[in-house]
Amino acid sequence: MTQIISANVSEPEPNIFSNCLKVGDQLFLSGMTAGDNKGGVLGDGSAEDQSRQCLNKIKALVEEAGGTLSDIVQLPVYLTDINNRIDFGKVRKEFFSGVMPCSTLIEVSRCVQPELVVEVDAIAMLNTST
């Protein structure tokens, strides 16, 4: 098992959890938010921009591990307001095309910071041909 670290994604406090682990050809990513690890939010705070921040972090970690977004096979999405699914779907189309990853969309009561409205985790399979 190898921890993947990207300069573009702030790391959590040590010994709490890993953002990304590589196990063989599998890549497991923790939930990404638009949080900046200083109590703030990256971007303008809208659901659309928070979705983009989440997917940018996922992209950075997958690429650091030697993969691409097309290697993502599962993309669970957590929204504090199910009505934000339209914004997330719009942004997802900016990052993914062709065969889309499997996905689950869940409405949750809140994220780790009250102003965060989107969280996304992922599983990727590296070194596979489609």
# chains A, B, ... in the order shown; residues from 1 in each chain; ligands from 1
call {"tool": "residues_around", "arguments": {"residues": "Thr68 in chain A", "least_positions_apart": "3", "cutoff": "12 Å", "atoms": "only C-alpha atoms", "output": "list in words"}}
result
Leu27, Asn56, Ile58, Lys59, Ala60, Leu61, Val62, Glu63, Glu64, Ala65, Asp71, Ile72, Val73, Phe95, Phe96, Ile123, Ala124, Met125, Leu126, Asn127, Thr128 and Ser129 of chain A
call {"tool": "write_last_selection", "arguments": {"atoms": "C-alpha atoms", "output": "compact mmCIF listing (two decimals), in the first residue's frame"}}
result
# COMPACT_ATOMS: atom_id res chain seq x y z
CA LEU A 27 -6.64 3.68 -6.17
CA ASN A 56 -9.97 19.03 -9.52
CA ILE A 58 -9.56 13.98 -7.47
CA LYS A 59 -7.96 14.61 -10.86
CA ALA A 60 -4.72 15.82 -9.24
CA LEU A 61 -4.45 12.72 -7.03
CA VAL A 62 -5.27 10.25 -9.81
CA GLU A 63 -2.72 11.89 -12.09
CA GLU A 64 -0.10 11.88 -9.32
CA ALA A 65 -0.64 8.11 -9.11
CA ASP A 71 -9.44 5.22 -14.84
CA ILE A 72 -12.12 6.18 -12.29
CA VAL A 73 -14.67 3.37 -11.98
CA PHE A 95 -14.31 16.20 -16.41
CA PHE A 96 -15.74 12.93 -17.79
CA ILE A 123 -12.13 4.46 -6.76
CA ALA A 124 -9.89 4.07 -9.82
CA MET A 125 -8.36 1.06 -11.56
CA LEU A 126 -4.96 1.92 -13.01
CA ASN A 127 -3.18 0.16 -15.89
CA THR A 128 -6.33 -1.29 -17.41
CA SER A 129 -7.34 -1.00 -21.02
call {"tool": "residues_around", "arguments": {"residues": "Thr80 in chain A", "least_positions_apart": "5", "cutoff": "6 Å", "atoms": "only C-alpha atoms", "output": "list in words"}}
result
Glu107, Val108, Ser109, Arg110 and Val117 of chain A
call {"tool": "residues_around", "arguments": {"residues": "Glu119 in chain A", "least_positions_apart": "4", "cutoff": "7 Å", "atoms": "only C-alpha atoms", "output": "VMD selection string"}}
result
chain A and resid 31 to 33 54 77 to 79
call {"tool": "write_last_selection", "arguments": {"atoms": "N, CA and C atoms", "output": "mmCIF file, in the first residue's frame"}}
result
data_model
loop_
_atom_site.group_PDB
_atom_site.id
_atom_site.type_symbol
_atom_site.label_atom_id
_atom_site.label_comp_id
_atom_site.auth_asym_id
_atom_site.auth_seq_id
_atom_site.Cartn_x
_atom_site.Cartn_y
_atom_site.Cartn_z
ATOM 1 N N GLY A 31 -13.109 11.195 0.630
ATOM 2 C CA GLY A 31 -14.003 12.251 0.189
ATOM 3 C C GLY A 31 -13.275 13.575 0.054
ATOM 4 N N MET A 32 -13.429 14.203 -1.099
ATOM 5 C CA MET A 32 -12.826 15.507 -1.366
ATOM 6 C C MET A 32 -13.913 16.566 -1.278
ATOM 7 N N THR A 33 -13.577 17.672 -0.636
ATOM 8 C CA THR A 33 -14.474 18.822 -0.551
ATOM 9 C C THR A 33 -13.751 20.044 -1.093
ATOM 10 N N CYS A 54 -13.837 19.836 -5.953
ATOM 11 C CA CYS A 54 -13.739 18.419 -5.575
ATOM 12 C C CYS A 54 -13.123 17.597 -6.705
ATOM 13 N N VAL A 77 -21.168 10.586 -4.702
ATOM 14 C CA VAL A 77 -21.334 12.026 -4.528
ATOM 15 C C VAL A 77 -22.275 12.260 -3.349
ATOM 16 N N TYR A 78 -21.886 13.181 -2.476
ATOM 17 C CA TYR A 78 -22.674 13.525 -1.297
ATOM 18 C C TYR A 78 -23.012 15.011 -1.372
ATOM 19 N N LEU A 79 -24.306 15.339 -1.355
ATOM 20 C CA LEU A 79 -24.770 16.719 -1.445
ATOM 21 C C LEU A 79 -25.611 17.053 -0.215
#
call {"tool": "residues_around", "arguments": {"residues": "range 46-53 of chain A", "least_positions_apart": "3", "cutoff": "7 Å", "atoms": "only C-alpha atoms", "output": "PyMOL selection string"}}
result
chain A and resi 34+43+56-57+84+87-88+91+117-118
call {"tool": "atom_distance", "arguments": {"atom1": "CA of Glu11 in chain A", "atom2": "CA of Gly45 in chain A"}}
result
20.3 Å
call {"tool": "select_by_dssp", "arguments": {"residues": "chain A", "states": "strand (DSSP E)", "output": "PyMOL selection string"}}
result
chain A and resi 2-3+20-23+26-32+72-74+77-79+105-107+118-125
call {"tool": "select_by_dssp", "arguments": {"residues": "chain A", "states": "helix (DSSP H, G or I)", "output": "ChimeraX atom specification"}}
result
/A:47-64,69-71,82-95
call {"tool": "write_last_selection", "arguments": {"atoms": "N, CA, C and O atoms", "output": "CSV table (one decimal), in the first residue's frame"}}
result
chain,number,residue,atom,x,y,z
A,47,ALA,N,-22.4,25.7,-5.2
A,47,ALA,CA,-22.4,24.2,-5.4
A,47,ALA,C,-21.7,23.8,-6.7
A,47,ALA,O,-20.9,22.9,-6.7
A,48,GLU,N,-21.8,24.6,-7.7
A,48,GLU,CA,-21.2,24.3,-9.0
A,48,GLU,C,-19.6,24.5,-8.8
A,48,GLU,O,-18.9,23.6,-9.2
A,49,ASP,N,-19.2,25.5,-8.2
A,49,ASP,CA,-17.7,25.7,-8.0
A,49,ASP,C,-17.2,24.7,-7.0
A,49,ASP,O,-16.1,24.2,-7.2
A,50,GLN,N,-17.9,24.4,-6.0
A,50,GLN,CA,-17.5,23.3,-5.0
A,50,GLN,C,-17.3,22.0,-5.7
A,50,GLN,O,-16.4,21.3,-5.4
A,51,SER,N,-18.3,21.7,-6.6
A,51,SER,CA,-18.2,20.4,-7.4
A,51,SER,C,-16.9,20.4,-8.2
A,51,SER,O,-16.2,19.4,-8.2
A,52,ARG,N,-16.6,21.5,-8.8
A,52,ARG,CA,-15.4,21.7,-9.6
A,52,ARG,C,-14.1,21.5,-8.8
A,52,ARG,O,-13.2,20.8,-9.2
A,53,GLN,N,-14.1,22.1,-7.6
A,53,GLN,CA,-13.0,22.0,-6.7
A,53,GLN,C,-12.7,20.5,-6.3
A,53,GLN,O,-11.6,20.0,-6.2
A,54,CYS,N,-13.8,19.8,-6.0
A,54,CYS,CA,-13.7,18.4,-5.6
A,54,CYS,C,-13.1,17.6,-6.7
A,54,CYS,O,-12.2,16.8,-6.5
A,55,LEU,N,-13.6,17.8,-7.9
A,55,LEU,CA,-13.2,17.0,-9.0
A,55,LEU,C,-11.7,17.4,-9.5
A,55,LEU,O,-11.0,16.5,-9.9
A,56,ASN,N,-11.4,18.6,-9.3
A,56,ASN,CA,-10.0,19.0,-9.5
A,56,ASN,C,-9.0,18.3,-8.6
A,56,ASN,O,-7.9,17.9,-9.0
A,57,LYS,N,-9.4,18.2,-7.3
A,57,LYS,CA,-8.6,17.5,-6.3
A,57,LYS,C,-8.5,16.0,-6.7
A,57,LYS,O,-7.4,15.4,-6.6
A,58,ILE,N,-9.6,15.4,-7.1
A,58,ILE,CA,-9.6,14.0,-7.5
A,58,ILE,C,-8.7,13.8,-8.7
A,58,ILE,O,-7.8,12.9,-8.7
A,59,LYS,N,-8.8,14.7,-9.7
A,59,LYS,CA,-8.0,14.6,-10.9
A,59,LYS,C,-6.5,14.7,-10.5
A,59,LYS,O,-5.6,13.9,-11.0
A,60,ALA,N,-6.1,15.6,-9.6
A,60,ALA,CA,-4.7,15.8,-9.2
A,60,ALA,C,-4.2,14.6,-8.6
A,60,ALA,O,-3.0,14.1,-8.9
A,61,LEU,N,-4.9,13.9,-7.7
A,61,LEU,CA,-4.5,12.7,-7.0
A,61,LEU,C,-4.3,11.5,-8.0
A,61,LEU,O,-3.4,10.8,-7.9
A,62,VAL,N,-5.3,11.4,-8.8
A,62,VAL,CA,-5.3,10.3,-9.8
A,62,VAL,C,-4.1,10.4,-10.7
A,62,VAL,O,-3.4,9.5,-11.0
A,63,GLU,N,-3.9,11.6,-11.2
A,63,GLU,CA,-2.7,11.9,-12.1
A,63,GLU,C,-1.4,11.7,-11.4
A,63,GLU,O,-0.4,11.2,-11.9
A,64,GLU,N,-1.3,12.1,-10.1
A,64,GLU,CA,-0.1,11.9,-9.3
A,64,GLU,C,0.2,10.4,-9.2
A,64,GLU,O,1.4,10.0,-9.1
A,69,LEU,N,-8.5,10.5,-15.4
A,69,LEU,CA,-9.9,10.5,-15.0
A,69,LEU,C,-10.6,9.3,-15.6
A,69,LEU,O,-11.6,8.8,-15.0
A,70,SER,N,-10.2,8.8,-16.8
A,70,SER,CA,-10.9,7.7,-17.4
A,70,SER,C,-10.6,6.4,-16.6
A,70,SER,O,-11.3,5.4,-16.9
A,71,ASP,N,-9.7,6.4,-15.7
A,71,ASP,CA,-9.4,5.2,-14.8
A,71,ASP,C,-10.4,5.1,-13.7
A,71,ASP,O,-10.5,4.1,-13.0
A,82,ILE,N,-30.2,18.0,-2.4
A,82,ILE,CA,-30.3,17.1,-3.5
A,82,ILE,C,-30.5,18.0,-4.8
A,82,ILE,O,-30.2,17.6,-5.9
A,83,ASN,N,-31.1,19.2,-4.6
A,83,ASN,CA,-31.3,20.1,-5.8
A,83,ASN,C,-30.0,20.5,-6.4
A,83,ASN,O,-30.0,21.0,-7.6
A,84,ASN,N,-28.9,20.4,-5.8
A,84,ASN,CA,-27.6,20.7,-6.3
A,84,ASN,C,-27.1,19.7,-7.3
A,84,ASN,O,-26.0,19.8,-7.9
A,85,ARG,N,-27.8,18.6,-7.5
A,85,ARG,CA,-27.4,17.5,-8.4
A,85,ARG,C,-27.3,18.1,-9.9
A,85,ARG,O,-26.4,17.6,-10.6
A,86,ILE,N,-28.1,19.1,-10.2
A,86,ILE,CA,-28.0,19.7,-11.6
A,86,ILE,C,-26.6,20.3,-11.7
A,86,ILE,O,-26.0,20.2,-12.7
A,87,ASP,N,-26.2,21.1,-10.7
A,87,ASP,CA,-24.9,21.8,-10.8
A,87,ASP,C,-23.8,20.7,-10.8
A,87,ASP,O,-22.8,20.9,-11.6
A,88,PHE,N,-23.9,19.7,-10.0
A,88,PHE,CA,-22.8,18.7,-10.0
A,88,PHE,C,-22.8,18.0,-11.4
A,88,PHE,O,-21.7,17.8,-11.9
A,89,GLY,N,-23.9,17.6,-11.9
A,89,GLY,CA,-24.0,17.0,-13.2
A,89,GLY,C,-23.4,17.8,-14.3
A,89,GLY,O,-22.6,17.3,-15.2
A,90,LYS,N,-23.6,19.1,-14.3
A,90,LYS,CA,-23.0,20.0,-15.3
A,90,LYS,C,-21.5,20.0,-15.2
A,90,LYS,O,-20.8,19.8,-16.2
A,91,VAL,N,-21.0,20.0,-14.0
A,91,VAL,CA,-19.5,20.0,-13.8
A,91,VAL,C,-18.9,18.6,-14.1
A,91,VAL,O,-17.9,18.6,-14.7
A,92,ARG,N,-19.6,17.6,-13.8
A,92,ARG,CA,-19.1,16.2,-14.1
A,92,ARG,C,-18.8,16.1,-15.6
A,92,ARG,O,-17.8,15.5,-16.0
A,93,LYS,N,-19.7,16.7,-16.4
A,93,LYS,CA,-19.5,16.6,-17.9
A,93,LYS,C,-18.3,17.3,-18.3
A,93,LYS,O,-17.7,17.1,-19.4
A,94,GLU,N,-17.7,18.3,-17.5
A,94,GLU,CA,-16.5,19.0,-17.9
A,94,GLU,C,-15.3,18.1,-17.7
A,94,GLU,O,-14.2,18.2,-18.3
A,95,PHE,N,-15.4,17.1,-16.8
A,95,PHE,CA,-14.3,16.2,-16.4
A,95,PHE,C,-14.4,14.8,-17.0
A,95,PHE,O,-13.3,14.2,-17.3
call {"tool": "residues_around", "arguments": {"residues": "Pro76 in chain A", "least_positions_apart": "4", "cutoff": "7 Å", "atoms": "only C-alpha atoms", "output": "PDB file with C-alpha atoms, in the first residue's frame"}}
result
ATOM      1  CA  SER A 103     -21.970   6.687  -9.246  1.00  0.00           C
ATOM      2  CA  THR A 104     -24.178   7.007  -6.206  1.00  0.00           C
ATOM      3  CA  LEU A 105     -25.788  10.306  -5.282  1.00  0.00           C
ATOM      4  CA  VAL A 120     -16.961  13.315  -3.638  1.00  0.00           C
ATOM      5  CA  ASP A 121     -14.834  10.197  -3.217  1.00  0.00           C
ATOM      6  CA  ALA A 122     -13.575   7.833  -5.891  1.00  0.00           C
TER       7      ALA A 122
END
call {"tool": "atom_distance", "arguments": {"atom1": "CA of Ile5 in chain A", "atom2": "CA of Gly35 in chain A"}}
result
16.7 Å
call {"tool": "atom_distance", "arguments": {"atom1": "CA of Ser18 in chain A", "atom2": "CA of Pro101 in chain A"}}
result
22.2 Å
call {"tool": "residues_around", "arguments": {"residues": "Phe17 in chain A", "least_positions_apart": "4", "cutoff": "9 Å", "atoms": "only C-alpha atoms", "output": "list in words"}}
result
Pro12, Glu13 and Ser30 of chain A
